Each structure stands twice: as C-alpha cells, then as structure tokens.
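Colleague: Input file: upload-v7.cif. Contents: mmCIF, C-alpha atoms.
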```
data_entry
#
loop_
_atom_site.label_atom_id
_atom_site.label_comp_id
_atom_site.auth_asym_id
_atom_site.auth_seq_id
_atom_site.Cartn_x
_atom_site.Cartn_y
_atom_site.Cartn_z
CA MET A 14 0.00 0.00 0.00
CA PRO A 15 2.51 2.61 -1.04
CA TYR A 16 -0.19 5.17 -1.84
CA GLU A 17 -1.61 4.96 1.68
CA ASP A 18 1.82 5.55 3.20
CA ASP A 19 2.40 8.47 0.81
CA PHE A 20 -0.93 10.01 1.73
CA VAL A 21 -0.37 9.69 5.48
CA ASN A 22 3.20 10.96 5.16
CA ASN A 23 2.03 13.93 3.09
CA ILE A 24 -0.97 14.92 5.21
CA GLU A 25 0.91 17.92 6.56
CA PHE A 26 1.62 19.13 3.01
CA ILE A 27 -2.00 18.46 1.99
CA TYR A 28 -3.21 20.36 5.04
CA GLU A 29 -0.95 23.35 4.35
CA LYS A 30 -1.94 23.44 0.68
CA HIS A 31 -5.72 23.22 1.22
CA TYR A 32 -6.27 24.67 4.70
CA LEU A 33 -7.01 28.24 3.64
CA GLU A 34 -9.45 27.25 0.89
CA VAL A 35 -11.38 24.99 3.28
CA TYR A 36 -11.31 27.57 6.06
CA LYS A 37 -12.62 30.37 3.80
CA PHE A 38 -15.40 28.11 2.53
CA LEU A 39 -16.42 27.21 6.08
CA VAL A 40 -16.30 30.81 7.34
CA CYS A 41 -18.67 31.80 4.56
CA PHE A 42 -20.87 28.79 5.18
CA VAL A 43 -21.21 28.92 8.97
CA GLY A 44 -20.53 32.62 9.56
CA SER A 45 -18.10 32.24 12.43
CA ARG A 46 -14.32 32.15 12.36
CA GLU A 47 -14.10 30.12 15.55
CA GLU A 48 -16.57 27.53 14.32
CA ALA A 49 -14.86 27.45 10.92
CA GLU A 50 -11.50 26.76 12.59
CA ASP A 51 -12.96 23.81 14.49
CA LEU A 52 -14.76 22.50 11.42
CA THR A 53 -11.61 22.84 9.31
CA GLN A 54 -9.82 20.58 11.76
CA ASP A 55 -12.73 18.13 11.53
CA VAL A 56 -12.51 18.16 7.74
CA PHE A 57 -8.83 17.22 7.72
CA ILE A 58 -9.39 14.51 10.32
CA LYS A 59 -12.03 13.08 7.96
CA VAL A 60 -9.63 13.43 5.02
CA LEU A 61 -7.05 11.40 6.89
CA LYS A 62 -9.58 8.80 8.10
CA HIS A 63 -11.22 8.35 4.69
CA HIS A 64 -8.32 8.91 2.30
CA LYS A 65 -8.82 5.40 0.90
CA LYS A 66 -12.18 6.56 -0.50
CA PHE A 67 -10.53 9.19 -2.68
CA ASN A 68 -10.91 7.77 -6.18
CA HIS A 69 -8.59 10.10 -8.14
CA GLN A 70 -11.35 10.84 -10.66
CA SER A 71 -11.48 14.41 -9.42
CA LYS A 72 -8.88 16.75 -8.00
CA LEU A 73 -7.88 16.32 -4.38
CA SER A 74 -9.08 19.87 -3.63
CA THR A 75 -12.51 19.03 -5.04
CA TRP A 76 -12.76 15.96 -2.82
CA ILE A 77 -11.64 17.90 0.26
CA LEU A 78 -14.13 20.73 -0.39
CA SER A 79 -16.85 18.15 -0.81
CA ILE A 80 -16.00 16.83 2.65
CA ALA A 81 -16.05 20.42 3.95
CA LYS A 82 -19.50 21.00 2.48
CA HIS A 83 -20.92 17.87 4.10
CA THR A 84 -19.23 18.69 7.39
CA ALA A 85 -20.74 22.18 7.39
CA ILE A 86 -24.22 20.94 6.54
CA ASP A 87 -24.06 18.30 9.28
CA TYR A 88 -22.86 20.92 11.75
CA LEU A 89 -25.73 23.28 10.90
CA ARG A 90 -28.26 20.49 11.16
CA ARG A 91 -27.04 19.79 14.66
CA LYS A 92 -26.99 23.41 15.65
CA ARG A 93 -30.34 24.34 14.05
CA PHE A 94 -30.75 27.41 11.94
CA THR A 95 -32.79 29.36 14.47
CA THR A 96 -29.91 29.70 16.89
CA LEU A 97 -27.67 31.12 14.17
CA PHE A 98 -29.79 34.18 13.49
CA LYS A 99 -31.29 35.18 16.86
CA GLN A 100 -29.73 38.61 17.02
CA SER A 101 -30.49 40.87 14.11
CA TYR A 102 -27.61 42.97 12.91
CA PHE A 103 -30.03 45.76 12.12
CA ASN A 104 -31.30 46.10 15.70
CA LYS A 105 -27.82 47.32 16.59
CA LEU A 106 -27.77 50.17 14.07
CA PRO A 107 -27.89 53.65 15.56
CA ASP A 108 -31.18 55.48 15.25
CA ASN A 109 -30.33 58.77 13.58
CA GLU A 110 -31.00 60.82 10.46
CA LYS A 111 -27.99 59.66 8.42
CA GLN A 112 -28.51 58.10 5.03
CA PRO A 113 -28.16 54.29 5.01
CA ASP A 114 -25.16 54.44 2.67
CA LEU A 115 -23.37 56.66 5.18
CA LEU A 116 -24.24 54.37 8.08
CA LEU A 117 -22.64 51.31 6.61
CA SER A 118 -18.88 51.11 6.29
CA ASP A 119 -17.25 48.65 3.92
CA SER A 120 -16.89 46.09 6.70
CA GLU A 121 -20.55 46.51 7.61
CA ASN A 122 -21.51 46.09 3.94
CA GLN A 123 -19.48 42.89 3.86
CA GLU A 124 -21.24 41.70 7.00
CA VAL A 125 -24.63 42.40 5.41
CA VAL A 126 -23.65 40.35 2.34
CA LYS A 127 -22.32 37.51 4.51
CA LYS A 128 -25.52 37.51 6.53
CA ALA A 129 -27.57 37.40 3.33
CA ILE A 130 -25.51 34.44 2.09
CA ARG A 131 -25.94 32.63 5.41
CA SER A 132 -29.70 33.13 5.17
CA LEU A 133 -29.84 31.03 2.00
CA LYS A 134 -30.78 27.39 2.29
CA PRO A 135 -27.65 25.16 2.37
CA GLN A 136 -27.97 24.03 -1.26
CA TYR A 137 -27.94 27.63 -2.53
CA ARG A 138 -25.40 28.78 0.04
CA SER A 139 -22.95 26.09 -1.13
CA VAL A 140 -23.21 27.03 -4.77
CA VAL A 141 -22.87 30.77 -4.05
CA ILE A 142 -19.75 30.19 -1.95
CA LEU A 143 -18.16 27.84 -4.47
CA ARG A 144 -19.01 29.83 -7.61
CA GLY A 145 -19.21 33.40 -6.32
CA VAL A 146 -16.78 33.52 -3.41
CA ASN A 147 -14.23 30.81 -4.27
CA GLU A 148 -14.67 31.41 -8.02
CA LEU A 149 -14.64 27.71 -8.89
CA SER A 150 -15.78 26.56 -12.31
CA ILE A 151 -19.22 25.08 -12.91
CA LYS A 152 -17.61 21.68 -13.42
CA GLU A 153 -15.61 21.83 -10.17
CA SER A 154 -18.67 23.04 -8.27
CA ALA A 155 -20.77 20.21 -9.69
CA GLU A 156 -18.16 17.65 -8.58
CA ILE A 157 -18.01 19.07 -5.06
CA LEU A 158 -21.79 19.30 -4.74
CA GLY A 159 -22.34 15.89 -6.32
CA CYS A 160 -24.78 17.12 -8.95
CA SER A 161 -24.95 17.99 -12.65
CA GLU A 162 -23.44 21.12 -14.14
CA SER A 163 -26.89 22.29 -15.22
CA LYS A 164 -28.11 22.02 -11.62
CA VAL A 165 -25.18 24.19 -10.51
CA LYS A 166 -26.13 26.80 -13.13
CA VAL A 167 -29.80 26.79 -12.15
CA ASP A 168 -29.12 26.83 -8.40
CA PHE A 169 -26.56 29.62 -8.77
CA HIS A 170 -29.01 31.69 -10.82
CA ARG A 171 -31.82 31.11 -8.29
CA ALA A 172 -29.52 31.81 -5.34
CA LEU A 173 -28.37 35.10 -6.85
CA LYS A 174 -31.97 36.10 -7.47
CA ILE A 175 -32.83 35.40 -3.81
CA LEU A 176 -29.68 37.20 -2.66
CA ARG A 177 -30.59 40.31 -4.67
CA LYS A 178 -34.07 40.28 -3.16
CA ASN A 179 -32.72 39.73 0.37
CA LEU A 180 -30.11 42.46 -0.01
CA ASN A 181 -32.73 44.90 -1.26
CA THR A 182 -34.91 44.02 1.74
CA LEU A 183 -31.94 44.48 4.06
CA LYS A 184 -31.22 47.89 2.51
CA GLU A 185 -34.84 48.91 3.07
CA GLU A 186 -34.55 47.82 6.73
CA VAL A 187 -31.40 49.92 7.10
CA PHE A 188 -33.20 52.89 5.61
CA ILE A 189 -36.17 52.44 7.96
CA ASN A 190 -33.88 52.05 11.00
CA ALA A 191 -31.80 55.04 9.93
CA ASN A 192 -34.81 57.31 9.49
CA GLY A 193 -36.94 55.67 12.22
#
```
Before anything else, please render the file you have as structure tokens.
Modeller:
Amino acid sequence: MPYEDDFVNNIEFIYEKHYLEVYKFLVCFVGSREEAEDLTQDVFIKVLKHHKKFNHQSKLSTWILSIAKHTAIDYLRRKRFTTLFKQSYFNKLPDNEKQPDLLLSDSENQEVVKKAIRSLKPQYRSVVILRGVNELSIKESAEILGCSESKVKVDFHRALKILRKNLNTLKEEVFINANG
C-alpha cells in the first residue's frame, strides 16, 4: 500500500496546501471564524480517516471541499438554523438621520452580504460560496456538490436572485432604522 503511506506521510503538506481554501469556505458557510476553525480541523481529520475513499477521478481539492461541504451541513443540522440568526444585525444600528449608505462602512456592507448568504438554504449557500466567493468553475462546483453542471447553473441563478431580493430588503430595513 505505497499510496496509503504516501498520503499519510504527506498529510501535513496536503493540510498546508488546502487549509485556507477549506477555512474560507467554512467561514462563509457557517458565519463564524471560531466555528470554521474547528470544522476545518474536523474536515482534515475526515480526510485522513477516509483517504482510501478518494478515487482520483477528481482533483484532491474538489474531494476535500466536498467533505467540507458535508461537514458544514451536518454541523448546521445539529446546531439548528434558528440559533444562528437570533440577534439581528439591524437592531444594533444607531437610530439617527444619516442616510443608510453613510451608516454602513465597507466592513458593515461585507457583513450584510455575509448575513444574506448565510440566510440562503444550504444548497444555494454552497453554490454561491463555491461559484461566487471561491470562483470555482461550474464543473468543479458540480463535482463538489455531487450534482450535474446544469443544476449548478440553475441553483446559482436562483440563489443570486434570492440574494438580490434579500439584499434589497436588508437595505430597506437599514433605511427604515436610519430614518426611524
């Protein structure tokens, strides 16, 4: 079993090469750096445990991101979506007469977008992170998600449509809170 020995001996290299990509995916997916760090460790433990299942028909990074996706979905199922979104970001905005665009800094705008992405159902969230955030190809995304390329295209289109609607709603909430 020379491949198995090579894989185990190279796990540190594999980890270093793919850690950041997995971590970024998980931060976007779960919305917390601390949780993403823990889940990233879980992903690489699973990679090491199940390396024999890697079939070499796809890239190693695709296989690892697929494990990350399943790990994140399992984590969110356990945690339940309601606990993730108890505190509304918009309840914390100051109540003053400033225009919404002036209220939100770049980091706040990024937080609004992240929150909108996290509000998507997992299937859409995955495709938005893979295609929009990680800029993977349709083919790579399909391999990671375990679906057809046409499904990736349709889900990405639908997810973007929902995101636009959600972001417009969030902007309206900011405007109402700002002029309240």
Colleague: Excluding same-chain residues fewer than 3 positions from Glu153 in chain A, what lies within 9 Å of it counting all atoms listed in the file, as number ranges by chain?
Modeller: A: 71-72, 75, 143, 149-150, 156-158, 162
Colleague: Choose the residue, out of A:Phe169, A:Tyr88, A:Phe42, A:Phe26, that has the smallest atom-to-atom separation from Ser154 in chain A; count only C-alpha atoms.
Modeller: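 Of all the options, A:Phe169 lies closest to Ser154 in chain A.
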Colleague: Measuring between all atoms listed in the file, which one of A:Ile175, A:Ile80, A:Val43, A:Leu73 shows the shortest distance to Asp55 in chain A?
Modeller: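 Selected residue with least distance to Asp55 in chain A: A:Ile80.
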Colleague: Just the number, please: distance in Å from CA of Lys37 in chain A to CA of Lys178 in chain A, one decimal.
Modeller: 24.6 Å
Colleague: Identify which of the residues A:Asn22, A:Gln136, A:Asn179, A:Asn147 lies closest to Lys82 in chain A, counting all atoms listed in the file when measuring atom-to-atom distances.
Modeller: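 When distances to Lys82 in chain A are compared using all atoms listed in the file, the smallest one comes from A:Gln136.
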Colleague: Interatomic distance between CA of Tyr28 in chain A and CA of Val126 in chain A?
Modeller: 28.7 Å
Colleague: One decimal, Å: what's the distance from CA of Arg46 in chain A over to CA of Lys65 in chain A, could you say?
Modeller: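 A separation of 29.6 Å between them.
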Colleague: Translate the PyMOL selection byres ((chain A and resi 173) around 12), as applied to the file shown, into an explicit residue set as a PyMOL selection string.
Modeller: chain A and resi 126+129-130+133+137-142+144-145+165-172+174-180
Colleague: Tell me which of A:Lys134, A:Arg90, A:Lys128, A:Lys152 sits closest to Cys41 in chain A, counting all atoms listed in the file.
Modeller: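 Closest residue, counting all atoms listed in the file: A:Lys128.
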